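Engineer: Data: run-v6.cif, mmCIF, C-alpha atoms and all ligand atoms.
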```
data_structure
#
loop_
_atom_site.label_atom_id
_atom_site.label_comp_id
_atom_site.auth_asym_id
_atom_site.auth_seq_id
_atom_site.Cartn_x
_atom_site.Cartn_y
_atom_site.Cartn_z
CA MET X 8 17.10 21.48 9.09
CA ALA X 9 18.53 18.09 8.12
CA ARG X 10 16.89 16.27 5.25
CA PRO X 11 14.45 13.51 6.32
CA LYS X 12 15.81 9.95 6.16
CA ILE X 13 13.85 7.38 4.21
CA ALA X 14 14.72 3.71 4.73
CA LEU X 15 13.58 1.26 2.08
CA ILE X 16 13.60 -2.28 3.45
CA GLY X 17 13.80 -4.40 0.32
CA ALA X 18 15.61 -3.05 -2.72
CA GLY X 19 13.90 -5.10 -5.41
CA GLN X 20 11.53 -3.86 -8.11
CA ILE X 21 9.38 -1.70 -5.86
CA GLY X 22 12.27 -0.69 -3.57
CA GLY X 23 14.35 0.68 -6.46
CA THR X 24 11.38 2.57 -7.90
CA LEU X 25 10.58 4.03 -4.47
CA ALA X 26 14.15 5.28 -4.18
CA HIS X 27 13.99 6.95 -7.58
CA LEU X 28 10.66 8.65 -6.83
CA ALA X 29 11.79 9.78 -3.36
CA ALA X 30 14.85 11.38 -4.94
CA ILE X 31 13.00 13.07 -7.79
CA LYS X 32 10.50 14.51 -5.31
CA GLU X 33 13.37 15.45 -2.98
CA LEU X 34 11.67 13.82 -0.01
CA GLY X 35 14.95 13.06 1.76
CA ASP X 36 18.10 10.95 1.91
CA VAL X 37 17.52 7.32 0.98
CA VAL X 38 18.90 4.16 2.56
CA LEU X 39 18.26 0.97 0.58
CA PHE X 40 18.44 -2.20 2.69
CA ASP X 41 18.46 -5.70 1.19
CA LEU X 42 19.90 -9.05 2.19
CA ASN X 43 20.65 -9.90 -1.45
CA ASP X 44 24.32 -8.97 -1.48
CA GLY X 45 25.12 -6.06 -3.81
CA MET X 46 21.50 -5.36 -4.87
CA ALA X 47 21.00 -2.37 -2.55
CA GLN X 48 24.55 -1.10 -3.04
CA GLY X 49 24.34 -1.35 -6.83
CA LYS X 50 20.98 0.42 -7.03
CA ALA X 51 22.15 3.14 -4.61
CA LEU X 52 25.17 3.93 -6.78
CA ASP X 53 23.16 3.82 -10.01
CA LEU X 54 20.53 6.17 -8.51
CA ALA X 55 23.17 8.57 -7.19
CA GLU X 56 24.61 8.75 -10.69
CA SER X 57 21.18 9.82 -12.03
CA GLY X 58 21.32 12.91 -9.77
CA PRO X 59 23.48 15.19 -11.90
CA SER X 60 21.15 14.89 -14.92
CA GLU X 61 17.91 15.06 -12.95
CA GLY X 62 19.29 17.76 -10.66
CA PHE X 63 18.15 16.56 -7.24
CA ASP X 64 19.94 16.85 -3.91
CA GLY X 65 20.00 13.86 -1.64
CA SER X 66 22.15 10.88 -0.85
CA PHE X 67 21.75 7.13 -1.38
CA LYS X 68 23.25 4.35 0.67
CA GLY X 69 22.95 0.65 -0.04
CA THR X 70 23.35 -1.68 2.91
CA ALA X 71 22.68 -5.06 4.48
CA ASP X 72 23.21 -3.73 8.00
CA TYR X 73 20.17 -2.56 9.98
CA ALA X 74 22.35 -0.08 11.90
CA ASP X 75 22.32 2.07 8.73
CA ILE X 76 18.57 2.75 9.02
CA ALA X 77 19.14 4.39 12.43
CA GLY X 78 16.86 7.34 13.05
CA ALA X 79 14.86 6.89 9.82
CA ASP X 80 11.79 9.12 9.60
CA VAL X 81 10.01 6.78 7.18
CA CYS X 82 10.51 3.06 6.52
CA ILE X 83 8.85 1.50 3.49
CA VAL X 84 8.87 -2.29 3.60
CA THR X 85 8.86 -4.41 0.44
CA ALA X 86 11.15 -7.18 1.70
CA GLY X 87 9.92 -10.64 0.83
CA VAL X 88 8.82 -12.43 -2.29
CA PRO X 89 6.28 -11.33 -4.91
CA ARG X 90 3.72 -13.51 -6.73
CA LYS X 91 4.31 -15.57 -9.83
CA PRO X 92 1.54 -16.39 -12.34
CA GLY X 93 -1.06 -18.71 -10.80
CA MET X 94 -0.20 -17.73 -7.22
CA SER X 95 -2.53 -15.79 -4.97
CA ARG X 96 -1.18 -13.19 -2.58
CA ASP X 97 -2.11 -15.54 0.27
CA ASP X 98 0.32 -18.19 -1.05
CA LEU X 99 3.14 -15.90 0.12
CA LEU X 100 2.10 -15.92 3.76
CA GLY X 101 4.52 -18.41 5.34
CA ILE X 102 7.70 -17.10 3.76
CA ASN X 103 6.89 -13.40 4.08
CA LEU X 104 5.82 -13.76 7.73
CA LYS X 105 9.39 -14.80 8.62
CA VAL X 106 10.67 -11.78 6.69
CA MET X 107 8.32 -9.48 8.65
CA LYS X 108 9.75 -10.83 11.89
CA SER X 109 13.33 -9.87 11.01
CA VAL X 110 12.25 -6.53 9.51
CA GLY X 111 10.08 -5.70 12.55
CA GLU X 112 12.95 -6.43 14.91
CA GLY X 113 15.33 -4.32 12.79
CA ILE X 114 12.95 -1.35 12.83
CA LYS X 115 12.26 -1.74 16.56
CA ALA X 116 16.00 -1.65 17.33
CA HIS X 117 17.06 1.13 14.96
CA ALA X 118 14.12 3.26 13.82
CA PRO X 119 11.43 3.13 16.52
CA ASP X 120 10.18 6.65 15.72
CA ALA X 121 9.62 6.02 12.02
CA PHE X 122 6.35 6.06 10.10
CA VAL X 123 6.28 2.56 8.64
CA ILE X 124 4.51 1.72 5.38
CA CYS X 125 4.23 -1.99 4.59
CA ILE X 126 3.77 -3.19 1.00
CA THR X 127 4.72 -6.87 1.36
CA ASN X 128 1.88 -9.31 0.59
CA PRO X 129 -0.47 -10.67 1.76
CA LEU X 130 -0.73 -7.06 2.77
CA ASP X 131 -3.32 -6.83 5.54
CA ALA X 132 -1.89 -9.79 7.47
CA MET X 133 1.73 -8.71 6.94
CA VAL X 134 1.14 -5.16 8.20
CA TRP X 135 -0.62 -6.59 11.25
CA ALA X 136 2.34 -8.89 11.93
CA LEU X 137 4.87 -6.11 11.27
CA GLN X 138 3.18 -3.88 13.86
CA LYS X 139 3.30 -6.73 16.39
CA PHE X 140 6.93 -7.62 15.68
CA SER X 141 8.10 -3.99 15.72
CA GLY X 142 5.99 -2.91 18.71
CA LEU X 143 5.53 0.55 17.16
CA PRO X 144 2.26 2.41 17.86
CA THR X 145 -0.57 1.38 15.54
CA ASN X 146 -0.92 4.91 14.11
CA LYS X 147 2.71 4.73 12.92
CA VAL X 148 2.39 1.40 11.06
CA VAL X 149 0.19 1.28 7.98
CA GLY X 150 -0.24 -0.80 4.84
CA MET X 151 -0.26 0.42 1.24
CA ALA X 152 -2.93 -1.15 -0.93
CA GLY X 153 -5.99 1.08 -1.09
CA VAL X 154 -4.19 3.95 -2.82
CA LEU X 155 -3.03 1.51 -5.52
CA ASP X 156 -6.36 -0.31 -5.89
CA SER X 157 -8.14 3.06 -6.05
CA ALA X 158 -5.65 4.34 -8.64
CA ARG X 159 -6.40 1.30 -10.80
CA PHE X 160 -10.15 1.91 -10.40
CA ARG X 161 -9.68 5.62 -11.24
CA HIS X 162 -7.60 4.79 -14.30
CA PHE X 163 -10.19 2.36 -15.70
CA LEU X 164 -13.02 4.83 -15.00
CA SER X 165 -11.20 7.73 -16.66
CA VAL X 166 -10.69 5.63 -19.80
CA GLU X 167 -14.35 4.56 -19.80
CA PHE X 168 -15.60 8.15 -19.42
CA ASN X 169 -12.82 9.78 -21.48
CA VAL X 170 -12.14 12.33 -18.74
CA SER X 171 -9.04 13.35 -16.82
CA MET X 172 -7.94 10.96 -14.10
CA ARG X 173 -7.55 13.99 -11.85
CA ASP X 174 -11.33 14.46 -11.84
CA VAL X 175 -12.09 10.86 -10.93
CA THR X 176 -12.12 10.08 -7.24
CA ALA X 177 -12.58 6.55 -6.02
CA PHE X 178 -11.82 4.38 -3.12
CA VAL X 179 -11.46 0.71 -2.52
CA LEU X 180 -12.18 -0.80 0.87
CA GLY X 181 -11.49 -4.09 2.61
CA GLY X 182 -8.59 -6.50 2.33
CA HIS X 183 -6.11 -6.34 -0.54
CA GLY X 184 -7.26 -9.57 -2.14
CA ASP X 185 -9.96 -11.07 -4.29
CA THR X 186 -12.63 -9.85 -1.85
CA MET X 187 -11.66 -6.15 -1.97
CA VAL X 188 -14.62 -3.76 -2.24
CA PRO X 189 -14.34 -1.00 -4.86
CA SER X 190 -16.88 1.49 -3.55
CA VAL X 191 -19.18 2.50 -6.40
CA ARG X 192 -21.39 4.78 -4.31
CA TYR X 193 -18.49 6.79 -2.91
CA SER X 194 -16.62 7.11 -6.23
CA THR X 195 -17.26 10.15 -8.41
CA VAL X 196 -16.44 12.00 -11.60
CA GLY X 197 -16.25 15.72 -10.80
CA GLY X 198 -18.29 15.02 -7.67
CA ILE X 199 -21.04 13.06 -9.51
CA PRO X 200 -21.39 9.56 -7.95
CA LEU X 201 -21.02 6.59 -10.32
CA PRO X 202 -24.64 5.35 -9.91
CA ASP X 203 -25.85 8.79 -11.11
CA LEU X 204 -23.55 8.53 -14.13
CA VAL X 205 -25.17 5.18 -14.99
CA ASP X 206 -28.61 6.86 -14.74
CA MET X 207 -27.32 9.68 -16.96
CA GLY X 208 -26.30 7.13 -19.62
CA TRP X 209 -22.53 7.77 -19.35
CA THR X 210 -22.01 4.03 -18.97
CA SER X 211 -24.06 0.90 -18.38
CA GLN X 212 -24.31 -1.10 -15.16
CA GLU X 213 -22.71 -4.07 -17.00
CA LYS X 214 -19.68 -1.99 -18.01
CA LEU X 215 -19.35 -0.61 -14.50
CA ASP X 216 -19.52 -4.12 -13.02
CA ALA X 217 -16.77 -5.21 -15.42
CA ILE X 218 -14.57 -2.29 -14.31
CA VAL X 219 -15.13 -3.21 -10.66
CA GLN X 220 -14.06 -6.78 -11.41
CA ARG X 221 -11.04 -5.64 -13.43
CA THR X 222 -10.00 -3.51 -10.44
CA ARG X 223 -10.23 -6.55 -8.14
CA ASP X 224 -8.11 -8.53 -10.61
CA GLY X 225 -5.76 -5.61 -11.34
CA GLY X 226 -2.71 -7.15 -9.68
CA ALA X 227 -3.21 -10.56 -11.30
CA GLU X 228 -3.61 -8.96 -14.74
CA ILE X 229 -0.11 -7.47 -14.44
CA VAL X 230 1.41 -10.63 -12.93
CA GLY X 231 0.00 -12.54 -15.92
CA LEU X 232 1.62 -10.12 -18.37
CA LEU X 233 5.00 -9.75 -16.64
CA LYS X 234 5.32 -13.47 -15.77
CA THR X 235 8.41 -12.84 -13.63
CA GLY X 236 7.05 -10.69 -10.82
CA SER X 237 4.29 -8.26 -9.90
CA ALA X 238 3.47 -4.60 -10.49
CA PHE X 239 5.98 -2.08 -9.22
CA TYR X 240 5.59 1.39 -10.76
CA ALA X 241 2.08 2.10 -9.47
CA PRO X 242 2.67 0.38 -6.08
CA ALA X 243 5.77 2.55 -5.54
CA THR X 244 3.96 5.74 -6.59
CA SER X 245 1.12 4.94 -4.20
CA ALA X 246 3.44 4.40 -1.22
CA ILE X 247 5.35 7.60 -1.99
CA GLU X 248 2.02 9.49 -1.94
CA MET X 249 1.51 8.19 1.62
CA ALA X 250 5.09 8.96 2.69
CA GLU X 251 4.81 12.50 1.34
CA ALA X 252 1.50 13.00 3.19
CA TYR X 253 3.31 12.12 6.44
CA LEU X 254 6.55 14.03 5.84
CA ARG X 255 4.77 17.19 4.66
CA ASP X 256 1.84 16.91 7.12
CA GLN X 257 -0.60 17.11 4.23
CA LYS X 258 -3.60 15.57 6.07
CA ARG X 259 -4.39 13.61 2.90
CA VAL X 260 -7.52 11.47 2.82
CA LEU X 261 -6.18 8.15 1.55
CA PRO X 262 -7.48 4.59 1.70
CA CYS X 263 -4.91 2.48 3.58
CA ALA X 264 -4.69 -0.76 5.51
CA ALA X 265 -5.00 0.88 8.94
CA TYR X 266 -5.52 -0.47 12.43
CA CYS X 267 -9.22 -0.37 13.24
CA ASP X 268 -10.47 -0.03 16.77
CA GLY X 269 -14.17 -0.43 16.16
CA GLU X 270 -14.44 1.71 13.01
CA ILE X 271 -16.78 0.28 10.35
CA GLY X 272 -17.36 -2.58 12.78
CA VAL X 273 -13.75 -3.83 12.75
CA LYS X 274 -11.77 -4.20 15.98
CA GLY X 275 -8.13 -5.11 16.55
CA MET X 276 -7.30 -5.69 12.89
CA TYR X 277 -5.73 -4.02 9.88
CA VAL X 278 -7.96 -3.65 6.84
CA GLY X 279 -8.43 -1.18 4.00
CA VAL X 280 -10.36 1.89 5.21
CA PRO X 281 -10.32 5.61 4.40
CA THR X 282 -7.82 7.45 6.63
CA VAL X 283 -6.33 10.88 7.20
CA ILE X 284 -2.50 10.85 7.00
CA GLY X 285 -0.42 13.69 8.41
CA ALA X 286 2.51 14.32 10.74
CA ASN X 287 1.03 12.02 13.40
CA GLY X 288 0.81 9.11 11.00
CA VAL X 289 -2.69 7.74 10.64
CA GLU X 290 -4.49 10.62 12.33
CA LYS X 291 -7.97 9.29 11.75
CA VAL X 292 -9.77 6.24 10.45
CA ILE X 293 -12.89 7.57 8.76
CA ASP X 294 -15.88 5.68 10.10
CA ILE X 295 -18.00 5.75 6.96
CA LYS X 296 -21.48 4.30 6.86
CA LEU X 297 -21.96 1.42 4.47
CA ASN X 298 -25.31 0.33 3.10
CA LYS X 299 -26.46 -3.27 3.59
CA GLU X 300 -25.01 -4.61 0.36
CA GLU X 301 -21.64 -2.88 0.89
CA GLN X 302 -21.47 -4.09 4.51
CA VAL X 303 -21.98 -7.71 3.38
CA MET X 304 -19.09 -7.41 0.88
CA PHE X 305 -16.89 -5.58 3.41
CA ASP X 306 -17.57 -8.17 6.15
CA LYS X 307 -16.67 -10.98 3.73
CA SER X 308 -13.39 -9.23 2.97
CA VAL X 309 -12.67 -8.67 6.68
CA ASP X 310 -13.33 -12.40 7.31
CA ALA X 311 -10.79 -13.30 4.62
CA VAL X 312 -8.17 -11.09 6.34
CA LYS X 313 -9.09 -12.61 9.72
CA GLY X 314 -8.38 -16.06 8.29
CA LEU X 315 -4.89 -14.93 7.26
CA VAL X 316 -4.21 -13.33 10.64
CA ASP X 317 -5.25 -16.59 12.33
CA ALA X 318 -2.87 -18.47 10.02
CA CYS X 319 -0.04 -16.11 11.10
CA LYS X 320 -0.83 -16.86 14.76
CA GLN X 321 -0.64 -20.59 14.06
CA ILE X 322 2.70 -20.31 12.27
CA ASP X 323 4.29 -18.02 14.88
CA SER X 324 3.04 -18.59 18.42
CA SER X 325 4.56 -15.28 19.62
CA LEU X 326 1.76 -13.54 17.66
CA ALA X 327 -1.10 -15.40 19.37
P1 LIG J 1 11.22 -8.11 -5.43
O1 LIG J 1 11.66 -7.40 -6.64
O2 LIG J 1 11.43 -9.59 -5.36
O3 LIG J 1 11.91 -7.43 -4.16
C1 LIG J 1 11.84 -7.96 -2.88
C2 LIG J 1 13.23 -7.77 -2.26
O4 LIG J 1 13.16 -8.20 -0.89
C3 LIG J 1 14.31 -8.62 -2.94
O5 LIG J 1 15.36 -7.76 -3.43
C4 LIG J 1 14.82 -9.53 -1.82
O6 LIG J 1 16.23 -9.74 -1.86
C5 LIG J 1 14.44 -8.73 -0.58
N1 LIG J 1 14.34 -9.53 0.64
C6 LIG J 1 13.86 -10.78 0.79
N2 LIG J 1 13.95 -11.15 2.09
C7 LIG J 1 14.48 -10.08 2.76
C8 LIG J 1 14.78 -9.84 4.12
N3 LIG J 1 14.57 -10.76 5.05
N4 LIG J 1 15.32 -8.66 4.43
C9 LIG J 1 15.56 -7.70 3.50
N5 LIG J 1 15.27 -7.88 2.19
C10 LIG J 1 14.74 -9.06 1.83
O7 LIG J 1 9.64 -7.87 -5.16
P2 LIG J 1 8.80 -6.54 -5.43
O8 LIG J 1 9.59 -5.36 -5.04
O9 LIG J 1 8.22 -6.63 -6.80
O10 LIG J 1 7.59 -6.78 -4.41
C11 LIG J 1 7.82 -6.75 -3.02
C12 LIG J 1 6.59 -7.17 -2.24
O11 LIG J 1 5.53 -6.24 -2.49
C13 LIG J 1 6.02 -8.54 -2.58
O12 LIG J 1 5.63 -9.21 -1.40
C14 LIG J 1 4.81 -8.22 -3.45
O13 LIG J 1 3.83 -9.24 -3.40
C15 LIG J 1 4.33 -6.97 -2.76
N6 LIG J 1 3.43 -6.13 -3.56
C16 LIG J 1 2.39 -5.55 -2.90
C17 LIG J 1 1.52 -4.74 -3.58
C18 LIG J 1 0.38 -4.11 -2.84
O14 LIG J 1 -0.41 -3.40 -3.41
C19 LIG J 1 0.20 -4.38 -1.42
C20 LIG J 1 1.70 -4.50 -4.94
C21 LIG J 1 2.77 -5.09 -5.59
C22 LIG J 1 3.64 -5.90 -4.88
#
```
Mind converting the file's structure to structure tokens?
Structural biologist:
Amino acid sequence: MARPKIALIGAGQIGGTLAHLAAIKELGDVVLFDLNDGMAQGKALDLAESGPSEGFDGSFKGTADYADIAGADVCIVTAGVPRKPGMSRDDLLGINLKVMKSVGEGIKAHAPDAFVICITNPLDAMVWALQKFSGLPTNKVVGMAGVLDSARFRHFLSVEFNVSMRDVTAFVLGGHGDTMVPSVRYSTVGGIPLPDLVDMGWTSQEKLDAIVQRTRDGGAEIVGLLKTGSAFYAPATSAIEMAEAYLRDQKRVLPCAAYCDGEIGVKGMYVGVPTVIGANGVEKVIDIKLNKEEQVMFDKSVDAVKGLVDACKQIDSSLA
């Protein structure tokens, strides 16, 4: 059987890291696409030259021609611009919306059967626009944010409790922005929910609240340190986890920006929700029950995403 084909649209910081991870995990042959002349080609050659030492099979191609993504099984989209210090993700909307239009049309023409993972910010609005521009089924177009936000939450919790990250489960709901909702009640250490751990004296409510806030600000913390761009190692790892779940039909339960058709009270929009990802793409959006307080936070986050989607419709009338 031929190796799967993985097209990375955008060969910048995240794109290059995605290519490296895809190769190391032997997920398939990689095509790097970028309009910045030489960027994709240079990274493809550099990555291919890492093969003999690492010992993976697989090919890399750098290109600026959409015809080269033909028949891709997975497309991961990072094309666009990242944040600089002081910018919010929403500040990127106008410029990245135009990028989504050209990327969506490229995927529609050359890789209409692909599973598409969008990473470009502002994430929830961009994945919505990308699905519209590409015309692919909603279960085949998904946004990466929840896996990353949850990984940040899990990391901070494992440090606080001095336990293995593998035994910390967590998920973050809502839009990938300041209003995201790290779910305390549904996050656990070895199956023990966080509120119980507070009662058991493992941590205080104040410390837990600070971790929740640090999770919400996780992207900005890294932007502030790097000064020249945003996080890329953990975002790439998170998207590869989703791609692998699809390619290997793992039926993973992962929080993603998925198209909701009434689940958790959201209709006709993309927002961060728990999903099942397997060979059919997003096979299920898990319709969890929120308590009153969680629902208020989630609704606020959904409203923020709705505002961005409305802004997209105003900028590009074909989306209205
Ligand atoms: P960067 O290193 O700048 O790479 C973006 C690449 O896109 C550059 O190489 C550009 O040349 C290329 N590009 C721009 N326009 C086009 C186009 N029309 N067609 C093809 N390629 C194009 O950024 P990055 O890799 O650090 O980040 C990429 C995106 O991911 C940004 O929008 C970030 O804000 C976003 N991001 C999202 C998360 C999430 O959790 C959702 C996390 C981190 C970054």
Engineer: List all protein, DNA and RNA residues that have any atom at most 6 Å from ligand LIG 1 (chain J), counting all atoms listed in the file, and write the list as a ChimeraX atom specification.
Structural biologist: /X:16-22,41-43,85-90,106,126-128,130,151-152,155,236-239,242
Engineer: Report the distance between atom CA of Glu33 of chain X and atom CA of Leu254 of chain X in Å, rounded to one decimal place.
Structural biologist: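 Distance reported for this atom pair: 11.2 Å.
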Engineer: Just how far from atom CA of Ala264 of chain X is atom CA of Gly181 of chain X, in Å to one decimal?
Structural biologist: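 Separating atom CA of Gly181 of chain X from atom CA of Ala264 of chain X is a distance of 8.1 Å.
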Engineer: Point out the residue among X:Leu100, X:Phe168, X:Ala136, X:Asp75 with the least atom-to-atom distance to Gly113 of chain X, counting all atoms listed in the file.
Structural biologist: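 Among the listed residues, X:Asp75 lies closest to Gly113 of chain X.
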Engineer: With the cut-off set at 7 Å and counting all atoms listed in the file, tabulate each residue of segment 35-151 of chain X with an atom at most that distance from an atom of segment 276-288 of chain X, showing the nearest atom pair and its distance in Å to one decimal, ordered by chain and increasing number, as a Markdown table.
Structural biologist:
```
| residue | atom | partner | partner_atom | distance |
| --- | --- | --- | --- | --- |
| X:Phe122 | CA | X:Gly288 | CA | 6.4 |
| X:Asp131 | CA | X:Tyr277 | CA | 5.7 |
| X:Trp135 | CA | X:Tyr277 | CA | 5.9 |
| X:Asn146 | CA | X:Gly288 | CA | 5.5 |
| X:Lys147 | CA | X:Gly288 | CA | 5.1 |
```
Engineer: When you count only C-alpha atoms, which of these residues is closest to Glu228 of chain X: X:Ser245, X:Leu215, X:Arg159, X:Gly69?
Structural biologist: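 Nearest candidate to Glu228 of chain X out of X:Ser245, X:Leu215, X:Arg159, X:Gly69: X:Arg159.
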Engineer: Work out how far apart atom CA of Cys82 of chain X and atom CA of Gly142 of chain X are and give it in Å to one decimal.
Structural biologist: 14.3 Å
